[in-house]
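See structure below.
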2 protein chains.
Amino acid sequence: MAVTIRDVARASGVHVSTVSRTFSAPHLVNPETRTRVLAVAEELGYLPNRAAQALTTGRTHNLGLICPDIANPFFPRLIKAAQAQARERDYHVFVADTDEDPRVEEELIQTFAKQVDGVLLCGPRLSNRVLDRFRHDLPLVVVNRRIRGLPAVLMDVAQGARLAIEHLVGLGHRKLALVLGPEGSWNSKQIREAARDATIAAGAELAVVGPNSPTELGGQRAAPEVLRTTATAVLCYNDLVAIGLIEGLDQLGASVPGDLSVIGVDDITEARLTRPRLTTVAMPTVAAGRTAVDMLLQMAGNAVQGPPALTTLPTNLIVRESTAAPIRHEVS
Amino acid sequence: MAVTIRDVARASGVHVSTVSRTFSAPHLVNPETRTRVLAVAEELGYLPNRAAQALTTGRTHNLGLICPDIANPFFPRLIKAAQAQARERDYHVFVADTDEDPRVEEELIQTFAKQVDGVLLCGPRLSNRVLDRFRHDLPLVVVNRRIRGLPAVLMDVAQGARLAIEHLVGLGHRKLALVLGPEGSWNSKQIREAARDATIAAGAELAVVGPNSPTELGGQRAAPEVLRTTATAVLCYNDLVAIGLIEGLDQLGASVPGDLSVIGVDDITEARLTRPRLTTVAMPTVAAGRTAVDMLLQMAGNAVQGPPALTTLPTNLIVRESTAAPIRHEVS
DNA sequence: CTGAAAGCGCTAACAT
DNA sequence: ATGTTAGCGCTTTCAG
């Protein structure tokens with residue numbers, strides 16, 4: 001067994017509480033005693049047991065972060081931002097991946113409860129009802145989904161979708177397609193509604209393809225169906241899907257942006273590396289991560305809760321090479 | 001405060017120990033009592049406090065995984081494999097990212113001690129000496145680095161480097177370059193030594209560029225220096241660096257594989273998406289993740305320790321489009 | 001099969 | 001400034 005506070009106390013000839021204070025309230029202990037205790041602790045290799053600490057203080061100084069797929073390059077950016085912010089507040093972030101499985105998600109929240117002071121739910125796939133149950137067990141902040149009663153950090157993906165559609169229409173496209181994300185995704189729904197409205201407002205047409213897995217494979221698989229529509233431009237659920245779609249289209253002999261224009265959402269690093277470089281709706285990932293951590297820490301701090309906070313961060317369109325004016329097949 | 005075992009005991013008219021047994025040793029309790037306790041627990045929304053549980057049992061059923069940069073696509077694959085394996089063993093994995101900072105790494109190991117039953121150190125940047133200190137505090141398994149006294153899962157990157165050099169030489173290249181990774185990286189050292197030996201054995205020359213940050217930016221920044229060598233082919237520390245290098249070379253007017261051949265290491269998903277598609281040394285990431293978890297769990301299980309285990313997994317070369325025969329500028 | 005009691009490692013009043 | 005005491009929520013002997 002590892003060395004405990006008791007061992008340190010015995011070896012330095014003081015009571016355990018003095019040792020405890022040496023670490024948690026140094027100013028309350030005689031400098032000499034403190035030095036001695038510290039020396040003994042160092043020598044014995046004493047490490048405070050965070051779990052036991054948490055049991056008495058009720059504070060673990062850890063935050064949990066749950067995301068559906070850590071392999072999606074969108075999340076590491078968010079995670080790093082959250083970590084950076086947490087670090088400044090003397091907190092650590094434990095990350096877990098659900099593999100897009102709601103049951104795993106539920107399990108993880110339960111596991112985190114009591115081991116962390118709060119959990120950041122990034123694009124949760126769990127139903128509102130289940131999520132709501134956990135609200136009383138531990139502080140929760142949701143990123144990229146709106147759930148009644150839960151504080152949230154949203155990225156204005158609807159505005160982004162609007163921007164994207166307007167860009168496409170501005171280029172001369174009249175027949176558009178939307179490649180959706182997975183079933184439970186709040187973002188997918190937001191994009192869909194905003195794209196529909198913006199399309200109607202512009203007097204254009206919108207075909208909808210999906211739901212699809214939010215991965216390259218998902219995009220690649222959607223390629224045939226996209227070609228079956230008469231669309232000349234397509235907005236994708238995210239960059240991964242867009243990249244996969246371009247690959248899939250290429251295999252079917254359609255080139256981007258020559259035959260079709262493609263827009264993604266997220267602005268992951270890869271968007272600048274593919275050929276053609278991807279036009280995309282940039283998400284304020286870093287700001288979202290930092291904001292979410294602060295909201296969570298605030299909840300974990302005060303027992304009193306006002307109405308759940310809601311922050312909406314703006315998105316913006318980044319035009320690269322995957323969008324262009326449509327080729328004119330016929331003269332109208 | 002959340003509902004505890006005590007509340008459940010009171011509400012179901014039994015002693016706390018019976019409630020405890022209902023969860024941790026159901027067969028020791030009368031089926032009727034069990035059903036009743038379970039019902040009450042469900043109704044009250046009782047959730048066992050894992051931290052308290054761990055305090056008495058010494059088992060948290062959690063594993064920690066520390067990696068230098070979660071944004072490097074190499075790690076999510078490893079993480080997912082580790083998670084999958086852990087899940088089958090009824091364990092959860094908490095991931096933390098050090099941002100390539102050894103001090104953060106140290107801090108994280110300390111934080112994890114006592115909150116998890118063991119830690120997977122993926123490509124640690126910490127010195128052997130510091131790492132060795134932690135060995136007595138909690139079970140540790142190292143991935144991609146060899147440290148005396150610590151069990152490790154290694155990917156045979158030296159063999160991979162050899163394969164890469166032989167491929168290049170086989171294509172007709174005689175002047176090679178190696179773009180290194182970061183300072184503390186064990187892999188970088190392995191690649192360097194293997195590449196040197198293989199180059200010598202083949203009667204070719206090897207210029208060394210670096211150390212470099214193990215990112216796209218690192219590769220991009222290395223481009224000018226690579227061009228300053230007379231190399232016609234270059235092996236990079238990893239795929240990210242290779243992709244960045246290709247980008248950097250492109251900006252300087254050198255094309256791949258026309259002017260230079262480039263090989264990466266890892267075989268991340270992106271390697272198939274860039275143009276040209278990247279020739280690379282594939283790492284057995286999934287096998288490594290699963291193996292590492294099993295080793296860790298075994299250590300956490302038995303108090304008795306044999307000599308530290310060591311598993312070396314094979315790598316292999318995947319030839320795509322970023323390598324080709326050199327153009328002959330002059331007749332020899 | 002169930003209750004009583006001790007204790008995991010630590011902190012937080014309360015004394016002294 | 002330091003020691004005493006009582007728990008945090010749970011498991012685990014040991015009795016009964």
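Residue numbering restarts at 1 for every chain of the structure tokens, chains are lettered A, B, ... in their displayed order, and ligands are numbered from 1 as they appear.
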**Message:** If DSSP is run on the backbone, what residues of stretch 16-210 of chain A are strand (DSSP E)? A reply as number ranges by chain would be ideal.
**Reply:** A: 62-67, 92-97, 119-122, 140-143, 152-155, 175-179, 205-209
Could you write out that same residue set with C-alpha atoms as a PDB file, in the first residue's frame?
```
ATOM      1  CA  ASN A  62     -11.536  17.164 -11.787  1.00  0.00           C
ATOM      2  CA  LEU A  63     -13.929  17.749 -14.642  1.00  0.00           C
ATOM      3  CA  GLY A  64     -15.288  15.124 -16.981  1.00  0.00           C
ATOM      4  CA  LEU A  65     -15.732  15.636 -20.703  1.00  0.00           C
ATOM      5  CA  ILE A  66     -17.800  13.211 -22.711  1.00  0.00           C
ATOM      6  CA  CYS A  67     -17.827  13.232 -26.489  1.00  0.00           C
ATOM      7  CA  HIS A  92      -7.945  18.595 -14.610  1.00  0.00           C
ATOM      8  CA  VAL A  93     -10.109  17.262 -17.400  1.00  0.00           C
ATOM      9  CA  PHE A  94     -10.809  13.576 -17.873  1.00  0.00           C
ATOM     10  CA  VAL A  95     -12.016  12.743 -21.343  1.00  0.00           C
ATOM     11  CA  ALA A  96     -14.178   9.808 -22.336  1.00  0.00           C
ATOM     12  CA  ASP A  97     -15.518   8.711 -25.712  1.00  0.00           C
ATOM     13  CA  VAL A 119     -19.322  17.041 -16.673  1.00  0.00           C
ATOM     14  CA  LEU A 120     -19.151  18.666 -20.077  1.00  0.00           C
ATOM     15  CA  LEU A 121     -21.481  16.897 -22.463  1.00  0.00           C
ATOM     16  CA  CYS A 122     -20.324  17.512 -26.016  1.00  0.00           C
ATOM     17  CA  LEU A 140     -23.765  19.412 -16.259  1.00  0.00           C
ATOM     18  CA  VAL A 141     -23.051  21.717 -19.161  1.00  0.00           C
ATOM     19  CA  VAL A 142     -24.047  20.804 -22.672  1.00  0.00           C
ATOM     20  CA  VAL A 143     -22.145  21.829 -25.765  1.00  0.00           C
ATOM     21  CA  ALA A 152     -25.551  25.138 -22.779  1.00  0.00           C
ATOM     22  CA  VAL A 153     -22.869  26.505 -25.038  1.00  0.00           C
ATOM     23  CA  LEU A 154     -24.121  26.651 -28.575  1.00  0.00           C
ATOM     24  CA  MET A 155     -22.371  27.429 -31.803  1.00  0.00           C
ATOM     25  CA  LYS A 175     -30.503  23.223 -57.004  1.00  0.00           C
ATOM     26  CA  LEU A 176     -28.895  22.408 -53.671  1.00  0.00           C
ATOM     27  CA  ALA A 177     -28.500  19.287 -51.579  1.00  0.00           C
ATOM     28  CA  LEU A 178     -27.977  18.813 -47.855  1.00  0.00           C
ATOM     29  CA  VAL A 179     -26.117  15.784 -46.532  1.00  0.00           C
ATOM     30  CA  GLU A 205     -34.501  24.002 -54.179  1.00  0.00           C
ATOM     31  CA  LEU A 206     -33.075  21.746 -51.484  1.00  0.00           C
ATOM     32  CA  ALA A 207     -32.785  17.955 -51.612  1.00  0.00           C
ATOM     33  CA  VAL A 208     -32.035  16.170 -48.339  1.00  0.00           C
ATOM     34  CA  VAL A 209     -29.774  13.117 -48.096  1.00  0.00           C
TER      35      VAL A 209
END
```
**Message:** Applying 12 Å and only C-alpha atoms (C1' of nucleotides), which residues near stretch 312-318 of chain B remain after dropping the ones on its own chain fewer than 6 positions away? List them as a ChimeraX atom specification.
**Reply:** /B:142-146,151-168,263-268,271-272,277-292
For chain B, list the residues within 7 Å of chain D, counting only C-alpha atoms (C1' of nucleotides), and write the list as a PDB file with C-alpha atoms, in the first residue's frame.
```
ATOM      1  CA  THR B   4     -26.507   7.457  -0.123  1.00  0.00           C
ATOM      2  CA  ASN B  49     -20.365   6.556  -4.879  1.00  0.00           C
ATOM      3  CA  ALA B  52     -16.065   5.852  -1.539  1.00  0.00           C
ATOM      4  CA  GLN B  53     -16.212   2.385  -2.989  1.00  0.00           C
ATOM      5  CA  THR B  56     -12.484   0.546   0.803  1.00  0.00           C
ATOM      6  CA  THR B  57     -11.929  -1.883  -2.037  1.00  0.00           C
TER       7      THR B  57
END
```
Interface list for chain A, partner chain B, 9 Å threshold, only C-alpha atoms, as a PDB file with C-alpha atoms, in the first residue's frame:
```
ATOM      1  CA  MET A   1       0.000   0.000   0.000  1.00  0.00           C
ATOM      2  CA  ALA A   2       1.131   3.526  -0.648  1.00  0.00           C
ATOM      3  CA  VAL A   3       2.278   5.871   2.096  1.00  0.00           C
ATOM      4  CA  GLY A  45       7.219   9.872  -1.301  1.00  0.00           C
ATOM      5  CA  LEU A  47       1.137  11.660  -2.339  1.00  0.00           C
ATOM      6  CA  PRO A  48      -2.241  12.887  -1.077  1.00  0.00           C
ATOM      7  CA  ASN A  49      -5.035  10.488  -1.919  1.00  0.00           C
ATOM      8  CA  ARG A  50      -7.340  12.601  -4.063  1.00  0.00           C
ATOM      9  CA  ALA A  51     -10.199  10.186  -3.679  1.00  0.00           C
ATOM     10  CA  ALA A  52     -10.139  10.367   0.093  1.00  0.00           C
ATOM     11  CA  ALA A  54     -12.742  14.374  -2.296  1.00  0.00           C
ATOM     12  CA  LEU A  55     -14.753  12.280   0.112  1.00  0.00           C
ATOM     13  CA  ASN A  62     -11.536  17.164 -11.787  1.00  0.00           C
ATOM     14  CA  GLY A  64     -15.288  15.124 -16.981  1.00  0.00           C
ATOM     15  CA  ASP A  69     -16.107  10.324 -31.085  1.00  0.00           C
ATOM     16  CA  ILE A  70     -12.666  11.458 -30.113  1.00  0.00           C
ATOM     17  CA  ALA A  71     -11.426  10.470 -33.569  1.00  0.00           C
ATOM     18  CA  ASN A  72     -13.456  13.262 -35.099  1.00  0.00           C
ATOM     19  CA  PRO A  73     -10.883  16.077 -35.343  1.00  0.00           C
ATOM     20  CA  PHE A  75     -13.353  17.278 -30.635  1.00  0.00           C
ATOM     21  CA  PRO A  76      -9.638  17.392 -29.846  1.00  0.00           C
ATOM     22  CA  ARG A  77      -9.698  21.138 -30.456  1.00  0.00           C
ATOM     23  CA  ILE A  79     -10.958  19.257 -25.552  1.00  0.00           C
ATOM     24  CA  LYS A  80      -7.695  21.142 -25.644  1.00  0.00           C
ATOM     25  CA  GLN A  83      -8.205  21.588 -20.709  1.00  0.00           C
ATOM     26  CA  HIS A  92      -7.945  18.595 -14.610  1.00  0.00           C
ATOM     27  CA  VAL A  93     -10.109  17.262 -17.400  1.00  0.00           C
ATOM     28  CA  PHE A  94     -10.809  13.576 -17.873  1.00  0.00           C
ATOM     29  CA  VAL A  95     -12.016  12.743 -21.343  1.00  0.00           C
ATOM     30  CA  ALA A  96     -14.178   9.808 -22.336  1.00  0.00           C
ATOM     31  CA  ASP A  97     -15.518   8.711 -25.712  1.00  0.00           C
ATOM     32  CA  ASP A  99     -18.439   5.669 -29.640  1.00  0.00           C
ATOM     33  CA  LEU A 108     -19.982   7.243 -18.365  1.00  0.00           C
ATOM     34  CA  GLN A 110     -22.697   7.660 -13.864  1.00  0.00           C
ATOM     35  CA  THR A 111     -19.061   6.743 -13.575  1.00  0.00           C
ATOM     36  CA  PHE A 112     -18.032  10.360 -13.604  1.00  0.00           C
ATOM     37  CA  ALA A 113     -20.587  11.355 -11.002  1.00  0.00           C
ATOM     38  CA  LYS A 114     -18.682  11.475  -7.706  1.00  0.00           C
ATOM     39  CA  GLN A 115     -15.294  11.329  -9.373  1.00  0.00           C
ATOM     40  CA  ARG A 133     -32.409  12.826 -14.657  1.00  0.00           C
ATOM     41  CA  HIS A 136     -29.657  16.563  -9.965  1.00  0.00           C
ATOM     42  CA  ASP A 137     -26.697  14.266  -9.517  1.00  0.00           C
ATOM     43  CA  LEU A 138     -23.960  16.577 -10.704  1.00  0.00           C
ATOM     44  CA  ILE A 243     -14.206  15.171 -47.400  1.00  0.00           C
ATOM     45  CA  GLY A 244     -15.660  11.684 -47.690  1.00  0.00           C
ATOM     46  CA  GLU A 247     -13.734  11.263 -52.331  1.00  0.00           C
ATOM     47  CA  GLU A 270      -7.775  18.624 -42.587  1.00  0.00           C
ATOM     48  CA  LEU A 273      -5.064  19.852 -46.567  1.00  0.00           C
ATOM     49  CA  THR A 274      -7.394  18.099 -48.923  1.00  0.00           C
ATOM     50  CA  ARG A 275      -7.497  18.866 -52.613  1.00  0.00           C
TER      51      ARG A 275
END
```
Counting only C-alpha atoms (C1' of nucleotides), which residues of chain C fall within 6 Å of chain A, and what is the closest atom pair for each with its distance in Å at one decimal, ordered by chain and rising number, as a tab-separated table?
```
residue	atom	partner	partner_atom	distance
C:DG9	C1'	A:Ala52	CA	5.2
C:DC10	C1'	A:Gln53	CA	5.2
C:DT11	C1'	A:Thr56	CA	5.7
```
